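Listing of upload-v5.tsv, TSV, C-alpha atoms (C1' of nucleotides)
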chain	number	residue	atom	x	y	z
A	300	MET	CA	41.20	44.70	50.83
A	301	SER	CA	37.54	43.82	51.18
A	302	SER	CA	37.73	40.36	52.67
A	303	GLY	CA	34.57	38.36	52.50
A	304	ARG	CA	33.73	39.62	49.04
A	305	HIS	CA	35.42	36.80	47.18
A	306	VAL	CA	35.36	33.03	47.40
A	307	TYR	CA	38.08	31.03	45.71
A	308	ALA	CA	38.88	27.36	45.55
A	309	HIS	CA	42.23	25.77	44.80
A	310	LEU	CA	42.21	22.29	43.35
A	311	ASP	CA	45.23	20.04	43.19
A	312	ILE	CA	45.29	16.56	41.68
A	313	ASP	CA	46.79	14.13	44.19
A	314	ALA	CA	50.19	12.76	43.08
A	315	PHE	CA	49.17	13.57	39.50
A	316	TYR	CA	51.81	11.81	37.37
A	317	VAL	CA	51.78	8.72	39.55
A	318	SER	CA	47.97	8.63	39.53
A	319	VAL	CA	47.95	8.71	35.72
A	320	GLU	CA	50.46	5.87	35.60
A	321	LEU	CA	48.48	3.81	38.11
A	322	GLN	CA	45.42	3.99	35.90
A	323	ARG	CA	47.44	2.23	33.22
A	324	ARG	CA	49.03	-0.14	35.72
A	325	PRO	CA	46.39	-0.87	38.37
A	326	ASP	CA	48.48	-3.84	39.51
A	327	LEU	CA	50.91	-1.33	41.06
A	328	ARG	CA	48.35	0.21	43.42
A	329	SER	CA	49.44	0.26	47.07
A	330	ARG	CA	53.08	-0.17	46.03
A	331	PRO	CA	55.69	2.59	46.26
A	332	VAL	CA	55.76	4.10	42.76
A	333	VAL	CA	58.17	6.79	41.57
A	334	VAL	CA	58.01	8.70	38.29
A	335	ALA	CA	61.56	9.69	37.38
A	336	GLY	CA	63.90	9.77	34.41
A	337	ASP	CA	66.59	7.11	34.14
A	338	GLY	CA	69.72	9.17	33.53
A	339	PRO	CA	72.46	9.45	36.16
A	340	ARG	CA	71.33	12.97	37.00
A	341	ALA	CA	67.58	12.40	36.89
A	342	VAL	CA	65.36	13.57	39.73
A	343	VAL	CA	61.97	12.36	40.94
A	344	THR	CA	59.05	14.24	39.42
A	345	THR	CA	56.36	12.58	41.55
A	346	ALA	CA	56.33	9.90	44.25
A	347	SER	CA	53.27	7.95	45.38
A	348	TYR	CA	52.22	8.41	48.99
A	349	GLU	CA	53.60	4.94	49.73
A	350	ALA	CA	56.99	6.04	48.34
A	351	ARG	CA	56.87	9.30	50.30
A	352	ARG	CA	56.94	7.25	53.48
A	353	PHE	CA	60.49	6.25	52.49
A	354	GLY	CA	61.53	9.88	52.25
A	355	ILE	CA	61.14	10.14	48.49
A	356	PHE	CA	59.66	13.43	47.24
A	357	SER	CA	59.64	15.58	44.13
A	358	ALA	CA	63.21	16.66	43.22
A	359	THR	CA	64.83	13.82	45.15
A	360	PRO	CA	67.70	12.55	42.97
A	361	ALA	CA	66.58	9.30	41.36
A	362	GLU	CA	69.78	7.57	42.49
A	363	ARG	CA	69.04	8.42	46.08
A	364	ALA	CA	65.41	7.32	45.70
A	365	ARG	CA	66.57	3.89	44.54
A	366	ARG	CA	68.72	3.53	47.62
A	367	LEU	CA	65.97	4.76	49.93
A	368	CYS	CA	63.51	2.24	48.53
A	369	PRO	CA	65.00	-0.46	46.30
A	370	ASP	CA	61.58	-2.10	46.00
A	371	ALA	CA	59.92	0.96	44.53
A	372	VAL	CA	58.66	0.77	40.95
A	373	PHE	CA	60.36	3.39	38.78
A	374	ILE	CA	58.45	4.70	35.76
A	375	PRO	CA	59.87	7.17	33.21
A	376	PRO	CA	57.73	10.29	32.77
A	377	ASP	CA	55.31	10.47	29.83
A	378	PHE	CA	54.49	14.15	29.55
A	379	ASP	CA	52.29	13.75	26.48
A	380	ALA	CA	50.00	11.53	28.54
A	381	TYR	CA	50.00	13.94	31.47
A	382	ARG	CA	49.17	16.89	29.24
A	383	GLU	CA	46.29	14.96	27.72
A	384	ARG	CA	44.86	13.95	31.10
A	385	SER	CA	45.35	17.50	32.35
A	386	ARG	CA	43.20	18.82	29.51
A	387	GLU	CA	40.44	16.40	30.54
A	388	VAL	CA	40.57	17.58	34.14
A	389	MET	CA	40.50	21.26	33.18
A	390	ALA	CA	37.57	20.62	30.85
A	391	VAL	CA	35.62	19.14	33.77
A	392	LEU	CA	36.42	22.19	35.89
A	393	ARG	CA	35.30	24.58	33.17
A	394	ARG	CA	32.06	22.68	32.76
A	395	HIS	CA	31.24	23.42	36.40
A	396	VAL	CA	32.80	26.84	36.96
A	397	ASP	CA	32.89	29.87	34.65
A	398	ARG	CA	36.17	31.31	35.79
A	399	VAL	CA	39.11	28.91	36.03
A	400	GLU	CA	42.81	29.76	36.28
A	401	VAL	CA	45.02	26.85	35.24
A	402	VAL	CA	48.35	26.66	37.07
A	403	GLY	CA	50.54	23.97	35.60
A	404	LEU	CA	49.24	20.52	34.69
A	405	ASP	CA	47.72	19.52	37.99
A	406	GLU	CA	46.42	22.70	39.65
A	407	ALA	CA	43.75	25.28	39.15
A	408	TYR	CA	42.01	28.11	40.95
A	409	LEU	CA	38.24	28.37	40.71
A	410	ASP	CA	36.32	31.61	41.23
A	411	LEU	CA	33.27	30.70	43.29
A	412	THR	CA	32.40	34.32	44.06
A	413	GLY	CA	28.68	35.04	43.90
A	414	LEU	CA	27.53	31.44	44.15
A	415	ASP	CA	24.81	30.71	46.69
A	416	ARG	CA	26.58	27.70	48.13
A	417	PRO	CA	30.22	27.77	47.09
A	418	ARG	CA	31.12	24.90	49.36
A	419	ALA	CA	28.51	22.64	47.80
A	420	ALA	CA	29.71	23.71	44.33
A	421	ALA	CA	33.26	22.74	45.24
A	422	ARG	CA	32.02	19.38	46.50
A	423	ARG	CA	30.31	18.78	43.17
A	424	VAL	CA	33.50	19.68	41.29
A	425	LYS	CA	35.53	17.26	43.38
A	426	ALA	CA	33.04	14.47	42.80
A	427	ALA	CA	32.91	15.20	39.08
A	428	VAL	CA	36.70	15.09	38.71
A	429	ILE	CA	36.83	11.65	40.29
A	430	GLU	CA	33.75	10.46	38.43
A	431	GLU	CA	34.85	11.66	35.00
A	432	THR	CA	38.62	11.21	35.13
A	433	GLY	CA	39.19	8.69	37.90
A	434	LEU	CA	41.70	11.06	39.48
A	435	GLY	CA	41.55	12.09	43.12
A	436	CYS	CA	42.13	15.66	44.19
A	437	SER	CA	42.37	17.97	47.16
A	438	ILE	CA	40.40	21.19	47.38
A	439	GLY	CA	40.87	24.25	49.55
A	440	ILE	CA	38.37	27.11	49.84
A	441	GLY	CA	39.06	30.58	51.11
A	442	PRO	CA	38.55	34.33	50.66
A	443	SER	CA	41.75	34.60	48.60
A	444	LYS	CA	43.91	32.48	46.33
A	445	LEU	CA	46.54	32.36	49.08
A	446	VAL	CA	44.18	30.96	51.72
A	447	ALA	CA	42.60	28.54	49.22
A	448	LYS	CA	46.01	27.24	48.18
A	449	VAL	CA	47.24	26.70	51.71
A	450	ALA	CA	43.91	25.06	52.59
A	451	SER	CA	44.22	22.61	49.70
A	452	ASP	CA	47.72	21.70	50.91
A	453	ALA	CA	46.55	21.22	54.49
A	454	ASP	CA	44.93	17.82	54.22
A	455	LYS	CA	46.32	15.92	51.24
A	456	PRO	CA	45.43	13.56	49.69
A	457	ASP	CA	41.67	13.65	49.14
A	458	GLY	CA	41.37	16.84	51.19
A	459	PHE	CA	38.51	19.30	51.44
A	460	VAL	CA	39.28	22.25	53.71
A	461	GLU	CA	37.60	25.63	53.98
A	462	LEU	CA	39.30	28.40	55.92
A	463	THR	CA	38.78	32.06	56.64
A	464	ALA	CA	41.92	34.22	56.68
A	465	GLU	CA	41.59	34.42	60.47
A	466	ALA	CA	41.32	30.62	60.74
A	467	ALA	CA	44.39	30.25	58.54
A	468	ARG	CA	46.34	32.68	60.74
A	469	GLU	CA	45.42	30.70	63.84
A	470	ARG	CA	45.92	27.26	62.34
A	471	PHE	CA	49.36	28.01	60.88
A	472	ALA	CA	50.69	30.50	63.44
A	473	GLY	CA	53.24	27.95	64.61
A	474	SER	CA	54.20	26.73	61.12
A	475	PRO	CA	57.41	27.76	59.38
A	476	PRO	CA	57.10	30.72	56.97
A	477	GLY	CA	58.02	28.42	54.05
A	478	LEU	CA	54.54	26.92	54.31
A	479	VAL	CA	53.09	29.76	52.24
A	480	PRO	CA	53.79	29.93	48.51
A	481	GLY	CA	56.15	32.82	47.78
A	482	ILE	CA	58.47	32.17	50.72
A	483	GLY	CA	61.14	29.82	49.45
A	484	PRO	CA	64.24	28.45	51.14
A	485	LYS	CA	66.33	31.61	50.69
A	486	THR	CA	63.75	33.94	52.18
A	487	ALA	CA	62.96	31.45	54.95
A	488	GLU	CA	66.65	31.43	55.85
A	489	ARG	CA	66.86	35.23	55.85
A	490	LEU	CA	63.77	35.38	58.08
A	491	GLU	CA	65.27	32.84	60.43
A	492	ARG	CA	68.41	34.92	60.71
A	493	GLN	CA	66.21	37.77	61.93
A	494	GLY	CA	64.66	35.47	64.49
A	495	ILE	CA	61.44	34.87	62.54
A	496	ALA	CA	60.79	31.14	62.57
A	497	THR	CA	56.98	31.00	62.36
A	498	LEU	CA	54.17	32.59	60.38
A	499	GLY	CA	52.81	33.97	63.65
A	500	ALA	CA	56.08	35.76	64.30
A	501	LEU	CA	56.11	37.05	60.72
A	502	ALA	CA	52.53	38.30	61.02
A	503	SER	CA	53.32	40.32	64.12
A	504	THR	CA	56.51	41.89	62.75
A	505	SER	CA	56.00	45.53	61.78
A	506	ASP	CA	56.17	46.53	58.14
A	507	GLU	CA	58.80	49.09	59.16
A	508	LEU	CA	61.13	46.35	60.40
A	509	LEU	CA	60.40	44.09	57.43
A	510	THR	CA	61.11	47.00	55.07
A	511	GLU	CA	64.40	47.62	56.83
A	512	TRP	CA	65.38	43.97	56.40
A	513	PHE	CA	63.93	43.16	52.97
A	514	GLY	CA	63.35	46.44	51.17
A	515	PRO	CA	60.25	48.49	50.40
A	516	ARG	CA	58.49	45.91	48.26
A	517	LEU	CA	59.56	42.46	49.44
A	518	GLY	CA	59.30	43.47	53.12
A	519	PRO	CA	55.65	44.57	53.25
A	520	TRP	CA	54.70	41.75	50.89
A	521	LEU	CA	56.15	39.19	53.31
A	522	GLY	CA	54.13	40.80	56.09
A	523	ARG	CA	50.96	40.42	54.06
A	524	LEU	CA	51.78	36.76	53.36
A	525	GLY	CA	52.28	36.18	57.10
A	526	ARG	CA	48.83	37.65	57.77
A	527	PHE	CA	47.29	35.70	54.86
A	528	GLU	CA	46.34	38.92	53.09
A	529	ASP	CA	46.08	38.57	49.32
A	530	ASP	CA	43.94	40.44	46.81
A	531	ARG	CA	45.08	38.84	43.57
A	532	GLY	CA	42.26	38.01	41.17
A	533	ILE	CA	41.79	35.01	38.91
A	534	GLU	CA	43.46	35.19	35.51
A	535	THR	CA	41.49	33.00	33.18
A	536	VAL	CA	43.77	33.55	30.21
A	537	ARG	CA	47.51	33.26	30.34
A	538	VAL	CA	49.71	33.95	27.35
A	539	ALA	CA	53.23	32.51	27.43
A	540	LYS	CA	55.96	35.13	27.28
A	541	SER	CA	58.88	32.84	26.60
A	542	GLU	CA	59.68	29.31	25.56
A	543	SER	CA	62.88	27.38	26.09
A	544	ARG	CA	64.60	24.03	25.71
A	545	GLU	CA	67.39	22.91	27.97
A	546	THR	CA	69.19	19.71	28.78
A	547	THR	CA	71.45	18.43	31.51
A	548	PHE	CA	74.22	16.20	30.20
A	549	ASP	CA	74.78	12.75	31.70
A	550	SER	CA	78.36	13.90	32.22
A	551	ASP	CA	79.93	17.32	31.88
A	552	VAL	CA	80.84	18.56	28.43
A	553	ARG	CA	83.72	20.89	27.69
A	554	GLY	CA	84.62	23.03	24.72
A	555	LEU	CA	82.71	24.75	21.93
A	556	PRO	CA	83.06	21.92	19.38
A	557	ALA	CA	81.23	19.53	21.71
A	558	LEU	CA	78.71	22.10	22.97
A	559	GLU	CA	77.61	23.62	19.68
A	560	PRO	CA	75.89	20.53	18.25
A	561	ARG	CA	73.99	20.05	21.50
A	562	LEU	CA	72.78	23.64	21.47
A	563	ARG	CA	71.94	23.32	17.79
A	564	ARG	CA	69.62	20.35	18.43
A	565	LEU	CA	67.80	22.21	21.21
A	566	THR	CA	67.41	25.24	18.94
A	567	GLU	CA	65.95	23.03	16.20
A	568	GLU	CA	63.39	21.62	18.65
A	569	LEU	CA	62.45	25.03	19.95
A	570	CYS	CA	62.12	26.65	16.52
A	571	SER	CA	60.07	23.82	15.06
A	572	THR	CA	57.59	24.23	17.90
A	573	LEU	CA	57.46	28.01	17.50
A	574	VAL	CA	57.06	27.78	13.73
A	575	ARG	CA	54.29	25.19	14.06
A	576	GLN	CA	52.45	27.45	16.51
A	577	GLU	CA	53.24	30.58	14.51
A	578	ARG	CA	54.77	32.30	17.50
A	579	ARG	CA	57.81	34.57	17.33
A	580	GLY	CA	60.01	36.28	19.87
A	581	ARG	CA	62.32	39.29	19.90
A	582	THR	CA	64.84	38.11	22.48
A	583	ILE	CA	67.13	35.13	21.95
A	584	GLY	CA	69.02	33.80	24.93
A	585	ILE	CA	71.26	30.96	26.03
A	586	LYS	CA	71.80	29.44	29.45
A	587	VAL	CA	74.88	27.60	30.64
A	588	ARG	CA	75.28	25.79	33.95
A	589	TYR	CA	78.83	24.88	34.92
A	590	ASP	CA	80.05	21.86	36.85
A	591	ASP	CA	79.97	23.93	40.06
A	592	PHE	CA	76.27	24.64	39.40
A	593	SER	CA	76.85	28.33	38.82
A	594	THR	CA	74.61	29.50	35.99
A	595	VAL	CA	75.06	32.26	33.44
A	596	THR	CA	72.69	33.60	30.82
A	597	ARG	CA	73.33	35.71	27.74
A	598	ALA	CA	70.69	37.37	25.58
A	599	ARG	CA	70.23	39.70	22.61
A	600	SER	CA	67.11	41.46	21.48
A	601	LEU	CA	66.15	42.09	17.88
A	602	ALA	CA	64.01	44.85	16.44
A	603	ALA	CA	61.41	42.39	15.17
A	604	PRO	CA	60.23	38.99	16.45
A	605	VAL	CA	61.61	35.85	14.79
A	606	ASN	CA	61.20	32.08	14.94
A	607	ASP	CA	63.18	30.77	11.97
A	608	LEU	CA	65.96	28.34	12.76
A	609	GLU	CA	68.73	30.12	10.89
A	610	THR	CA	68.21	33.47	12.61
A	611	VAL	CA	67.75	32.01	16.08
A	612	TRP	CA	70.65	29.62	15.69
A	613	GLN	CA	73.00	32.28	14.37
A	614	LEU	CA	72.35	34.42	17.45
A	615	ALA	CA	72.46	31.55	19.93
A	616	ALA	CA	75.71	30.25	18.47
A	617	GLU	CA	77.21	33.73	18.54
A	618	LEU	CA	76.28	34.13	22.22
A	619	LEU	CA	77.80	30.74	23.03
A	620	ARG	CA	81.03	31.46	21.14
A	621	ARG	CA	81.42	34.78	22.85
A	622	LEU	CA	80.87	33.18	26.25
A	623	ASP	CA	83.28	30.38	25.33
A	624	PRO	CA	82.49	28.46	28.54
A	625	PRO	CA	85.70	28.31	30.60
A	626	ARG	CA	84.56	25.42	32.81
A	627	PRO	CA	83.00	22.00	32.22
A	628	VAL	CA	79.31	22.44	31.39
A	629	ARG	CA	76.52	20.33	32.89
A	630	LEU	CA	73.53	22.08	31.31
A	631	ILE	CA	72.91	24.07	28.18
A	632	GLY	CA	69.73	25.75	27.03
A	633	VAL	CA	68.21	28.12	24.50
A	634	ARG	CA	65.30	30.49	24.95
A	635	VAL	CA	63.10	32.77	22.88
A	636	ALA	CA	61.39	35.51	24.89
A	637	GLY	CA	59.23	38.52	24.17
A	638	LEU	CA	56.86	36.20	22.34
A	639	ASP	CA	54.26	37.90	20.20
A	640	GLU	CA	54.51	41.24	21.90
A	641	ALA	CA	53.88	44.40	20.00
A	642	VAL	CA	56.67	45.21	17.58
A	643	SER	CA	59.25	47.40	19.30
A	644	ALA	CA	59.41	51.14	18.78
A	645	ALA	CA	62.72	50.69	16.95
A	646	ALA	CA	61.17	48.17	14.58
A	647	ALA	CA	58.14	50.36	14.06
A	648	GLU	CA	60.46	53.19	13.13
A	649	ASP	CA	62.34	50.96	10.68
A	650	GLN	CA	59.02	50.04	9.13
A	651	LEU	CA	58.11	53.69	8.88
A	652	THR	CA	61.46	54.57	7.34
A	653	LEU	CA	61.07	51.80	4.78
A	654	SER	CA	57.58	52.89	3.81
A	655	LEU	CA	58.59	56.50	3.29
B	111	DT	C1'	73.57	11.76	47.14
B	112	DC	C1'	75.08	16.64	44.36
B	113	DT	C1'	70.83	19.13	42.69
B	114	DG	C1'	65.40	18.23	35.94
B	115	DG	C1'	62.83	21.08	32.84
B	116	DG	C1'	59.78	24.72	31.91
B	117	DG	C1'	58.17	28.77	33.29
B	118	DT	C1'	57.19	33.77	35.93
B	119	DC	C1'	58.40	37.98	38.24
B	120	DC	C1'	61.60	41.27	40.46
B	121	DT	C1'	65.79	44.03	40.89
B	122	DA	C1'	69.67	46.71	39.60
B	123	DG	C1'	72.65	49.11	36.65
B	124	DG	C1'	73.74	51.24	32.26
B	125	DA	C1'	72.37	53.36	27.80
B	126	DC	C1'	69.81	56.71	25.80
B	127	DC	C1'	66.40	60.32	25.18
B	128	DC	C1'	63.97	64.47	26.49
C	61	DT	C1'	82.65	74.33	35.07
C	62	DC	C1'	79.42	71.87	37.12
C	63	DT	C1'	75.12	69.99	37.40
C	64	DG	C1'	69.31	68.02	36.70
C	65	DG	C1'	65.72	64.38	36.77
C	66	DG	C1'	62.32	61.27	34.57
C	67	DG	C1'	61.20	57.51	31.61
C	68	DT	C1'	62.07	53.45	28.89
C	69	DC	C1'	64.61	49.69	27.12
C	70	DC	C1'	67.96	46.19	27.71
C	71	DT	C1'	70.84	42.65	30.09
C	72	DA	C1'	72.06	39.56	33.94
C	73	DG	C1'	71.12	37.35	37.97
C	74	DG	C1'	68.19	35.58	41.57
C	75	DA	C1'	64.16	33.68	43.81
C	76	DC	C1'	60.33	31.08	43.29
C	77	DC	C1'	56.68	27.85	41.48
C	78	DC	C1'	54.91	23.37	39.47

Entire entry expressed as structure tokens:
Amino acid sequence: MSSGRHVYAHLDIDAFYVSVELQRRPDLRSRPVVVAGDGPRAVVTTASYEARRFGIFSATPAERARRLCPDAVFIPPDFDAYRERSREVMAVLRRHVDRVEVVGLDEAYLDLTGLDRPRAAARRVKAAVIEETGLGCSIGIGPSKLVAKVASDADKPDGFVELTAEAARERFAGSPPGLVPGIGPKTAERLERQGIATLGALASTSDELLTEWFGPRLGPWLGRLGRFEDDRGIETVRVAKSESRETTFDSDVRGLPALEPRLRRLTEELCSTLVRQERRGRTIGIKVRYDDFSTVTRARSLAAPVNDLETVWQLAAELLRRLDPPRPVRLIGVRVAGLDEAVSAAAAEDQLTLSL
DNA sequence: TCTGGGGTCCTAGGACCC
DNA sequence: TCTGGGGTCCTAGGACCC
């Protein structure tokens, strides 16, 4: 679609959690710093650039990170602090740009369409973020969210890269398909099995062939990703559709009597949040991950949305009892979905019946 | 060295209705 | 006796993202 009509920027705070921690502990600057939980199954949430040189990245098991770099400083995550700092950053962005799409705590897209000098505007935003929050960031600019995102990734940290779609195609023609967001490890592997190992190769594969391999929707979409074609707009308002709580046990748990109290506590947490925020959902679900990492989910939908502990717990417990996990369990979780959607047709009919 | 927590979207099959 | 097709809702699993 009409390329050249839009200008987007993608902004990404550099090593966000670590950067927040370093502001509280400036003495740790220039040292390898890792934010990670301390349980036996914890993983790294963020590693400083010094720690990344040791091969420590997000999702590296914390145990392994300790072995890779015994001298690294390990800090437990403080999500309340990160959420607070994130709000500050997003407030700065909104002060400079009308249309901002927040993506997680440390990322946002900015709509720079229509500005006289979008590049200069992005420069001002970058300077303001550092000035007002002390946090460094990387910015990418492009004709689509896809190009902007890849551009912001291209020169981290402290990056500032502007690319046209054509420039992106040329610059990343030899890069693996997994470079673009949307192509994960599974799809990359399937592409590789078809002999597609680069974005250039993907871009020059016909939609017919991609459709044959990946189906009528995924196939052509992968082709568009390979050619850096993307016409998604900015969504300035996002309403959550589900909320969940889950926990991985330090060691596997077996049997309903041991599992039920754990699920109950998670349900209490979830419901107290939903009640406080006056949000309700129609679909109650549980999630169980077994010791072999296989994962099952079970869910039931109600006619009307709920958030009270007794109703949610009764359903969650019923789903768990009926599943009666036959293997040791490493993770359990509870979820409420269909948050604040319109009341279902069935519920509306019940209401009607009652009122007649 | 086994792999967190919180989300979103897509697909596929079955139920059910017209 | 055999034979429809479309639309929507629901559940379960999978892939992906930060």

One-decimal distance in Å that lies between atom CA of A:Val343 and atom CA of A:Ala539: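 Computing the Euclidean distance for atom CA of A:Ala539 and atom CA of A:Val343 yields 25.8 Å.
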
Listing only residues of chain A within 7 Å of chain C, what is the closest atom pair and its distance in Å (to one decimal) for each, using all atoms listed in the file, sorted by chain and residue number ascending, as CSV?
residue,atom,partner,partner_atom,distance
A:Gly403,CA,C:DC78,C1',5.9
A:Gly481,CA,C:DC76,C1',6.4
A:Gly483,CA,C:DC76,C1',6.3
A:Thr596,CA,C:DA72,C1',6.8
A:Ala598,CA,C:DT71,C1',6.9

Can you tell me how far atom CA of A:Ala472 sits from atom CA of A:Ser505, in Å to one decimal? 16.0 Å

When you draw a straight line from atom CA of A:Val587 to atom CA of A:Gln613, how long is it in Å?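 These two atoms are separated by 17.0 Å.
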